[in-house]
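Chemist: Handing over model.tsv, TSV, C-alpha atoms.
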```
chain	number	residue	atom	x	y	z
T	1	MET	CA	110.65	62.31	63.33
T	2	LYS	CA	110.07	65.64	65.05
T	3	ILE	CA	111.36	68.83	63.45
T	4	VAL	CA	111.43	71.93	65.65
T	5	PHE	CA	111.85	75.46	64.27
T	6	LEU	CA	113.23	77.59	67.10
T	7	ASP	CA	112.91	80.99	65.39
T	8	ALA	CA	110.49	80.43	62.53
T	9	LYS	CA	109.46	84.10	62.43
T	10	THR	CA	112.82	84.95	60.88
T	11	LEU	CA	111.70	83.13	57.72
T	12	GLY	CA	108.28	84.80	57.47
T	13	ASN	CA	104.78	83.37	57.77
T	14	ASP	CA	104.00	83.04	54.07
T	15	LEU	CA	106.02	79.97	53.11
T	16	ASP	CA	104.83	76.46	52.24
T	17	ASP	CA	106.18	74.06	54.87
T	18	THR	CA	104.71	70.94	53.21
T	19	PRO	CA	108.19	69.50	52.48
T	20	PHE	CA	108.81	69.36	56.24
T	21	ARG	CA	105.39	68.03	57.18
T	22	GLN	CA	105.93	65.20	54.74
T	23	LEU	CA	108.89	64.16	56.87
T	24	GLY	CA	107.21	64.13	60.27
T	25	THR	CA	105.81	66.32	63.02
T	26	VAL	CA	106.66	70.00	62.70
T	27	VAL	CA	106.61	72.41	65.65
T	28	LYS	CA	107.28	76.10	65.12
T	29	TYR	CA	108.22	78.72	67.69
T	30	PRO	CA	108.29	82.33	66.42
T	31	PHE	CA	111.34	83.11	68.58
T	32	SER	CA	113.20	81.32	71.36
T	33	ALA	CA	115.06	82.92	74.25
T	34	PRO	CA	118.28	81.15	75.30
T	35	GLU	CA	116.62	79.76	78.42
T	36	GLU	CA	113.76	78.28	76.36
T	37	ILE	CA	115.85	76.30	73.91
T	38	SER	CA	116.57	73.25	76.05
T	39	ASP	CA	112.92	72.47	76.85
T	40	ARG	CA	111.76	73.11	73.30
T	41	ALA	CA	114.47	70.85	71.87
T	42	ALA	CA	113.95	68.05	74.39
T	43	ASP	CA	112.24	65.55	72.09
T	44	ALA	CA	113.32	66.94	68.72
T	45	ASP	CA	115.25	64.95	66.13
T	46	VAL	CA	116.03	68.03	64.05
T	47	LEU	CA	116.41	71.68	65.04
T	48	VAL	CA	115.94	74.34	62.38
T	49	ILE	CA	117.45	77.68	63.39
T	50	ASN	CA	118.47	81.02	61.95
T	51	LYS	CA	119.78	83.33	64.69
T	52	VAL	CA	119.46	81.08	67.76
T	53	SER	CA	122.77	80.07	69.34
T	54	ILE	CA	123.33	76.41	70.10
T	55	ASN	CA	126.04	75.63	72.63
T	56	ARG	CA	126.55	73.85	75.96
T	57	GLU	CA	124.79	76.67	77.82
T	58	THR	CA	121.67	76.86	75.66
T	59	LEU	CA	121.45	73.10	75.05
T	60	PRO	CA	123.02	71.44	78.09
T	61	SER	CA	121.15	68.21	77.38
T	62	VAL	CA	121.06	67.27	73.71
T	63	GLY	CA	118.28	64.71	74.08
T	64	LYS	CA	117.39	63.09	70.74
T	65	VAL	CA	118.80	65.83	68.53
T	66	LYS	CA	120.74	64.38	65.62
T	67	LEU	CA	120.84	67.24	63.14
T	68	ILE	CA	120.83	71.05	63.29
T	69	CYS	CA	119.94	72.96	60.12
T	70	VAL	CA	120.95	76.61	59.91
T	71	THR	CA	118.75	78.55	57.49
T	72	ALA	CA	121.63	80.81	56.53
T	73	THR	CA	125.21	80.62	55.30
T	74	GLY	CA	127.00	81.75	58.47
T	75	THR	CA	127.42	79.18	61.25
T	76	ASN	CA	129.02	81.25	64.02
T	77	ILE	CA	125.90	80.58	66.13
T	78	LEU	CA	126.98	76.94	66.52
T	79	ASP	CA	129.49	75.59	69.01
T	80	LYS	CA	130.82	72.98	66.60
T	81	GLU	CA	133.15	71.33	69.11
T	82	TYR	CA	130.26	70.81	71.51
T	83	LEU	CA	128.09	69.36	68.75
T	84	ALA	CA	130.90	67.03	67.69
T	85	GLU	CA	131.25	65.77	71.27
T	86	HIS	CA	127.62	64.64	71.09
T	87	LYS	CA	127.82	63.40	67.49
T	88	ILE	CA	125.31	66.00	66.31
T	89	GLN	CA	125.73	67.02	62.71
T	90	TRP	CA	124.89	70.41	61.23
T	91	ARG	CA	124.09	71.86	57.85
T	92	ASN	CA	124.00	75.39	56.48
T	93	VAL	CA	122.74	76.82	53.18
T	94	ALA	CA	124.50	78.86	50.51
T	95	GLY	CA	123.56	80.19	47.10
T	96	TYR	CA	119.82	80.44	47.66
T	97	SER	CA	119.55	84.23	47.66
T	98	THR	CA	121.84	85.32	44.82
T	99	GLU	CA	119.06	86.61	42.56
T	100	SER	CA	117.20	88.32	45.39
T	101	VAL	CA	120.26	90.15	46.73
T	102	ALA	CA	121.40	91.21	43.27
T	103	GLN	CA	117.93	92.57	42.52
T	104	HIS	CA	117.82	94.50	45.79
T	105	THR	CA	121.27	95.94	45.10
T	106	PHE	CA	119.95	97.66	41.99
T	107	ALA	CA	116.70	98.69	43.67
T	108	MET	CA	118.73	100.56	46.28
T	109	LEU	CA	121.09	101.98	43.69
T	110	PHE	CA	118.39	103.47	41.48
T	111	TYR	CA	116.48	104.86	44.47
T	112	LEU	CA	119.57	106.82	45.46
T	113	LEU	CA	121.05	107.52	42.03
T	114	GLU	CA	117.85	109.03	40.62
T	115	HIS	CA	116.69	110.72	43.85
T	116	LEU	CA	113.38	108.86	43.67
T	117	ARG	CA	112.36	109.80	47.20
T	118	GLY	CA	112.71	113.50	46.39
T	119	TYR	CA	110.78	113.28	43.14
T	120	ASP	CA	108.08	111.15	44.73
T	121	ASP	CA	107.67	113.71	47.54
T	122	TYR	CA	107.56	116.54	44.98
T	123	VAL	CA	104.55	114.95	43.27
T	124	ARG	CA	102.85	113.65	46.44
T	125	ASP	CA	103.08	117.08	48.07
T	126	GLY	CA	101.19	118.61	45.16
T	127	ARG	CA	104.10	120.71	43.93
T	128	TYR	CA	103.89	119.28	40.41
T	129	VAL	CA	100.29	120.41	40.03
T	130	ASN	CA	100.20	123.45	37.73
T	131	ASP	CA	103.99	123.84	37.87
T	132	ARG	CA	105.27	125.90	34.93
T	133	ALA	CA	107.77	123.29	33.66
T	134	PHE	CA	106.85	119.75	32.63
T	135	THR	CA	110.20	118.48	34.00
T	136	HIS	CA	111.56	119.14	37.47
T	137	PHE	CA	115.33	119.68	37.69
T	138	SER	CA	115.87	120.25	41.40
T	139	GLN	CA	117.95	117.06	41.66
T	140	THR	CA	120.00	115.80	38.75
T	141	PHE	CA	121.31	112.32	38.10
T	142	HIS	CA	123.69	110.53	35.74
T	143	GLU	CA	123.46	107.45	33.56
T	144	LEU	CA	124.83	104.18	34.84
T	145	ASN	CA	126.20	103.61	31.35
T	146	GLY	CA	129.86	104.63	31.29
T	147	SER	CA	130.25	104.73	35.08
T	148	THR	CA	132.67	102.61	37.08
T	149	TRP	CA	131.03	100.03	39.35
T	150	GLY	CA	133.32	98.70	42.05
T	151	ILE	CA	132.63	95.46	43.90
T	152	LEU	CA	134.14	94.36	47.19
T	153	GLY	CA	133.74	90.60	47.38
T	154	LEU	CA	133.33	88.79	44.07
T	155	GLY	CA	131.47	85.68	45.13
T	156	ALA	CA	128.28	84.41	43.49
T	157	ILE	CA	126.33	87.56	44.37
T	158	GLY	CA	129.17	89.88	43.38
T	159	ARG	CA	129.48	88.16	40.01
T	160	ARG	CA	125.73	88.41	39.40
T	161	VAL	CA	125.80	92.14	40.24
T	162	ALA	CA	128.79	92.54	37.92
T	163	GLY	CA	126.90	90.95	35.04
T	164	ILE	CA	123.88	93.22	35.49
T	165	ALA	CA	126.04	96.33	35.86
T	166	GLU	CA	127.87	95.48	32.64
T	167	ALA	CA	124.53	95.02	30.89
T	168	TYR	CA	123.78	98.64	31.80
T	169	GLY	CA	127.08	99.69	30.26
T	170	ALA	CA	129.06	100.17	33.46
T	171	LYS	CA	132.73	99.27	33.71
T	172	VAL	CA	133.19	96.77	36.56
T	173	ILE	CA	136.25	96.48	38.77
T	174	TYR	CA	136.59	94.50	41.96
T	175	ALA	CA	138.87	93.97	44.92
T	176	SER	CA	139.44	91.10	47.31
T	177	ALA	CA	140.23	92.24	50.83
T	178	SER	CA	141.89	88.89	51.56
T	179	GLY	CA	144.12	89.07	48.49
T	180	ALA	CA	142.53	86.11	46.73
T	181	PRO	CA	143.83	85.33	43.22
T	182	ALA	CA	142.26	87.21	40.32
T	183	GLN	CA	139.17	85.69	38.75
T	184	GLU	CA	139.30	85.21	35.00
T	185	GLY	CA	137.08	87.59	33.07
T	186	TYR	CA	137.04	90.30	35.76
T	187	THR	CA	139.28	93.31	36.41
T	188	GLN	CA	140.87	93.02	39.82
T	189	VAL	CA	142.35	96.06	41.54
T	190	ASP	CA	143.65	96.74	45.03
T	191	VAL	CA	141.32	98.15	47.67
T	192	ASP	CA	142.71	101.69	47.44
T	193	THR	CA	142.16	101.74	43.68
T	194	LEU	CA	138.65	100.39	44.17
T	195	LEU	CA	137.86	103.23	46.56
T	196	CYS	CA	139.34	105.95	44.37
T	197	ARG	CA	137.85	104.90	41.03
T	198	SER	CA	134.35	103.65	41.88
T	199	ASP	CA	131.30	105.74	41.07
T	200	ILE	CA	129.21	103.02	42.70
T	201	LEU	CA	130.77	100.70	45.26
T	202	SER	CA	128.78	97.67	46.36
T	203	ILE	CA	129.89	95.37	49.16
T	204	HIS	CA	129.08	91.66	48.94
T	205	ALA	CA	131.90	90.33	51.11
T	206	PRO	CA	131.74	88.17	54.25
T	207	LEU	CA	132.73	89.51	57.64
T	208	ASN	CA	136.21	88.31	58.57
T	209	GLN	CA	139.58	89.54	59.76
T	210	TYR	CA	140.18	91.21	56.41
T	211	THR	CA	136.88	93.06	56.07
T	212	GLU	CA	135.81	94.03	59.60
T	213	GLY	CA	136.00	97.81	59.89
T	214	LEU	CA	137.53	98.10	56.43
T	215	MET	CA	135.20	100.91	55.39
T	216	ASN	CA	136.22	103.59	57.85
T	217	ALA	CA	136.92	107.33	57.83
T	218	GLU	CA	140.15	106.87	55.89
T	219	ALA	CA	138.37	104.77	53.25
T	220	PHE	CA	135.54	107.29	52.82
T	221	ARG	CA	138.04	110.11	52.31
T	222	LYS	CA	139.53	108.18	49.38
T	223	MET	CA	136.18	107.82	47.63
T	224	LYS	CA	134.75	110.23	45.05
T	225	THR	CA	132.45	112.89	46.47
T	226	GLU	CA	129.77	111.78	43.99
T	227	ALA	CA	130.17	108.07	44.84
T	228	ILE	CA	127.30	105.92	46.07
T	229	LEU	CA	128.10	103.17	48.59
T	230	LEU	CA	125.94	100.05	48.92
T	231	ASN	CA	126.48	97.51	51.70
T	232	LEU	CA	124.75	94.17	51.24
T	233	GLY	CA	127.50	92.14	52.89
T	234	ARG	CA	127.74	92.46	56.67
T	235	GLY	CA	127.13	95.49	58.86
T	236	ARG	CA	130.44	95.50	60.67
T	237	ILE	CA	132.40	95.79	57.44
T	238	LEU	CA	131.88	99.53	57.75
T	239	CYS	CA	132.17	101.89	60.68
T	240	GLU	CA	128.73	103.45	61.00
T	241	ALA	CA	129.90	106.51	62.93
T	242	ASP	CA	132.49	107.24	60.25
T	243	LEU	CA	129.88	106.77	57.51
T	244	ALA	CA	127.53	109.22	59.22
T	245	ASP	CA	130.36	111.75	59.42
T	246	ALA	CA	131.26	111.20	55.76
T	247	LEU	CA	127.67	111.75	54.63
T	248	ASN	CA	127.31	114.86	56.78
T	249	ALA	CA	130.58	116.23	55.44
T	250	GLY	CA	129.68	115.46	51.83
T	251	GLU	CA	132.65	113.14	51.38
T	252	ILE	CA	130.41	110.72	49.46
T	253	GLN	CA	127.06	111.36	47.80
T	254	ALA	CA	124.91	108.65	49.36
T	255	ALA	CA	124.79	105.22	50.98
T	256	GLY	CA	122.37	102.33	50.90
T	257	LEU	CA	122.57	99.75	53.67
T	258	ASP	CA	120.69	96.49	54.01
T	259	VAL	CA	122.85	95.29	56.90
T	260	LEU	CA	123.78	97.03	60.14
T	261	ALA	CA	126.28	96.47	62.93
T	262	GLU	CA	123.37	95.81	65.27
T	263	GLU	CA	120.10	94.28	64.06
T	264	PRO	CA	117.40	95.33	64.73
T	265	MET	CA	118.72	98.89	64.64
T	266	ALA	CA	119.91	100.35	67.93
T	267	GLU	CA	118.12	103.45	69.23
T	268	ASN	CA	121.50	105.18	69.58
T	269	SER	CA	122.76	104.22	66.12
T	270	PRO	CA	125.13	106.88	64.75
T	271	LEU	CA	123.34	106.56	61.42
T	272	LEU	CA	120.39	108.42	62.94
T	273	SER	CA	122.62	111.49	63.08
T	274	VAL	CA	122.77	111.83	59.30
T	275	ARG	CA	121.20	115.24	58.69
T	276	ASP	CA	120.14	114.90	55.06
T	277	LYS	CA	117.97	111.79	55.19
T	278	SER	CA	117.73	111.61	51.40
T	279	ARG	CA	121.39	110.62	51.29
T	280	LEU	CA	120.94	107.45	53.34
T	281	LEU	CA	118.68	104.50	52.56
T	282	ILE	CA	118.42	101.69	55.12
T	283	THR	CA	116.38	98.55	54.53
T	284	PRO	CA	115.87	96.05	57.38
T	285	HIS	CA	118.02	93.14	56.12
T	286	ILE	CA	115.52	92.16	53.42
T	287	ALA	CA	117.77	91.79	50.36
T	288	TRP	CA	117.80	88.00	50.71
T	289	ALA	CA	114.09	87.69	51.39
T	290	ALA	CA	112.23	87.53	48.07
T	291	VAL	CA	109.47	84.92	48.30
T	292	GLU	CA	111.25	82.71	45.79
T	293	SER	CA	114.52	82.97	47.71
T	294	ARG	CA	112.94	81.97	51.01
T	295	GLN	CA	110.98	79.12	49.44
T	296	ARG	CA	114.17	77.90	47.77
T	297	LEU	CA	115.83	77.99	51.17
T	298	MET	CA	113.06	75.86	52.66
T	299	GLN	CA	113.36	73.32	49.85
T	300	ILE	CA	117.12	73.06	50.36
T	301	VAL	CA	116.82	72.56	54.12
T	302	ALA	CA	114.10	69.91	53.68
T	303	GLY	CA	116.36	68.19	51.17
T	304	GLN	CA	119.22	68.19	53.67
T	305	ILE	CA	117.02	66.48	56.24
T	306	ARG	CA	115.92	63.88	53.68
T	307	GLU	CA	119.51	63.21	52.73
T	308	PHE	CA	120.69	62.94	56.34
T	309	PHE	CA	118.01	60.42	57.29
T	310	ARG	CA	118.23	58.74	53.87
T	311	ILE	CA	114.59	59.33	53.04
T	312	SER	CA	113.80	58.93	49.36
```
Mind converting the file's structure to structure tokens?

Modeler:
Amino acid sequence: MKIVFLDAKTLGNDLDDTPFRQLGTVVKYPFSAPEEISDRAADADVLVINKVSINRETLPSVGKVKLICVTATGTNILDKEYLAEHKIQWRNVAGYSTESVAQHTFAMLFYLLEHLRGYDDYVRDGRYVNDRAFTHFSQTFHELNGSTWGILGLGAIGRRVAGIAEAYGAKVIYASASGAPAQEGYTQVDVDTLLCRSDILSIHAPLNQYTEGLMNAEAFRKMKTEAILLNLGRGRILCEADLADALNAGEIQAAGLDVLAEEPMAENSPLLSVRDKSRLLITPHIAWAAVESRQRLMQIVAGQIREFFRIS
């Protein structure tokens, strides 16, 4: 069979693709523009995609394609009705990045909580050399132990974050924007209570009609002024202009974002207007991307292809 990766660059260049090459011919394109998809997919049996949209415009002739594998959980890039018309099946992947995202959540938290950028600059700039005090108290921080950690979206990642936070001695509460039933062993509160009580609030929810724009100016005003917000869910869950205003006004202490409303970041992003840069940490959607997480993803997708074509 022929397996075509239409945007392989989104997975990185450092992964072992042997599981795919054992199945047949593998062709990789770093990225594919909409007008390039049809020709590149012409003689493919399997398409492996991440951000490429597949619909009647981008793939007007389906050729030999029998299976489309999405190397992500979300499948909004697929026109499922169109695929069904042509008896093309699709697969997506879930659960591969739980450890990676949970780890990155705490990396962002400690960077902001302990003002690591400021202390690093203090030493790098030579200000610690021959200073009179052995400890520098320009920026203070608090222990995670005894704090309240709020979670919006208690799926697999949210539960993993909750477990780690509790190990540090934090009290964990969570809210479900959709009003899902309470999960046994966890303290569920309503969204307003989550906003008011959380010292750290981390978002691990999907983007849907309940969460889009949920974190807006009104929400930020309800949060503690010393609260730290972490978004590792989806960018459009929060209003970036309102967040910039909240940070500039001191309504919350800091924010760490791994997801943005527009990715890559737009040159006119309102987040660029945040005056005190130490209060905002943005990472370029890398929380999911530990080497182990991406290799696990590749193994799962290769397994899906094996299962579909009944290859032992």

Chemist: Using all atoms listed in the file, which of T:Ile54, T:Met265, T:Val191, T:Ile164 sits nearest Leu67 of chain T?

Modeler: T:Ile54

Chemist: Closest to Pro264 of chain T among T:Gln299, T:Ala217, T:Thr75, T:Pro284, using all atoms listed in the file?

Modeler: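 Of the candidates, the smallest distance to Pro264 of chain T is held by T:Pro284.
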
Chemist: Between T:Gly256, T:Ser278, T:Ala244, T:Thr211, which residue has the minimum interatomic distance to Arg117 of chain T, considering all atoms listed in the file?

Modeler: T:Ser278

Chemist: Considering only C-alpha atoms, state which residue in the set T:Gln183, T:Thr193, T:Ser138, T:Ser178 is at the smallest distance from Gly150 of chain T.

Modeler: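 Smallest distance to Gly150 of chain T is found for T:Thr193.
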
Chemist: May I ask for the distance between atom CA of Leu260 of chain T and atom CA of His104 of chain T, given in Å to one decimal place?

Modeler: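 Separation between atom CA of Leu260 of chain T and atom CA of His104 of chain T: 15.7 Å.
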
Chemist: Which residue is closest to Tyr210 of chain T? Choose from T:Leu232, T:Ala44, T:Ala180, T:Ala287 and count all atoms listed in the file.

Modeler: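 Residue with the minimum atom-to-atom distance to Tyr210 of chain T: T:Ala180.
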
Chemist: Work out how far atom CA of Tyr111 of chain T is from atom CA of Arg124 of chain T, in Å to one decimal.

Modeler: 16.3 Å

Chemist: Could you tell me how far atom CA of Ile300 of chain T sits from atom CA of Ser53 of chain T, in Å to one decimal place?

Modeler: 21.0 Å

Chemist: Counting only C-alpha atoms, figure out which residue out of T:Glu57, T:Glu212, T:Glu114, T:Glu166 gets nearest to Thr140 of chain T.

Modeler: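 Of all the options, T:Glu114 lies closest to Thr140 of chain T.
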
Chemist: Show which residues sit within 9 Å of Leu194 of chain T, as an MDAnalysis selection string. Count only C-alpha atoms, and ignore same-chain residues fewer than 4 positions away.

Modeler: chainID T and resid 150:152 173:175 188:190 198 201 223

Chemist: Would you output that residue set with C-alpha atoms, as a tab-separated table (two decimals), in the coordinates of the input?

Modeler:
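Result went into part.tsv, see below:
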```tsv
chain	number	residue	atom	x	y	z
T	150	GLY	CA	133.32	98.70	42.05
T	151	ILE	CA	132.63	95.46	43.90
T	152	LEU	CA	134.14	94.36	47.19
T	173	ILE	CA	136.25	96.48	38.77
T	174	TYR	CA	136.59	94.50	41.96
T	175	ALA	CA	138.87	93.97	44.92
T	188	GLN	CA	140.87	93.02	39.82
T	189	VAL	CA	142.35	96.06	41.54
T	190	ASP	CA	143.65	96.74	45.03
T	198	SER	CA	134.35	103.65	41.88
T	201	LEU	CA	130.77	100.70	45.26
T	223	MET	CA	136.18	107.82	47.63
```

Chemist: Find the residues near Gln253 of chain T: any atom within 7 Å, counting all atoms listed in the file, skip ones fewer than 4 places away on the same chain, and give them as an NGL selection string.

Modeler: :T and (225-228 or 247 or 279)

Chemist: Can you tell me, as a VMD selection string, what residues are no more than 8 Å from Gly146 of chain T when counting all atoms listed in the file, ignoring any on the same chain fewer than 5 positions away?

Modeler: chain T and resid 169 to 171

Chemist: Take every atom of segment 210-224 of chain T listed in the file, fit an axis-aligned box around them, add 4 Å per side, and give the centre and edge lengths in Å to one decimal as JSON.

Modeler:
```
{"center_x": 137.5, "center_y": 100.7, "center_z": 52.5, "size_x": 13.4, "size_y": 27.0, "size_z": 22.8}
```

Chemist: I'd like the contact shell of segment 91-102 of chain T - 10 Å cut-off, only C-alpha atoms, skipping same-chain residues fewer than 3 positions apart - returned as number ranges by chain.

Modeler: T: 48-50, 67-75, 105-107, 155-164, 204, 232-233, 258, 286-301, 304-305, 308

Chemist: Neighbours of Ala246 of chain T within 8 Å (only C-alpha atoms; same-chain residues fewer than 5 positions away dropped), as a PDB file with C-alpha atoms, in the frame of the given file?

Modeler:
```pdb
ATOM      1  CA  ALA T 217     136.920 107.330  57.830  1.00  0.00           C
ATOM      2  CA  PHE T 220     135.540 107.290  52.820  1.00  0.00           C
ATOM      3  CA  ARG T 221     138.040 110.110  52.310  1.00  0.00           C
ATOM      4  CA  GLU T 251     132.650 113.140  51.380  1.00  0.00           C
ATOM      5  CA  ILE T 252     130.410 110.720  49.460  1.00  0.00           C
TER       6      ILE T 252
END
```
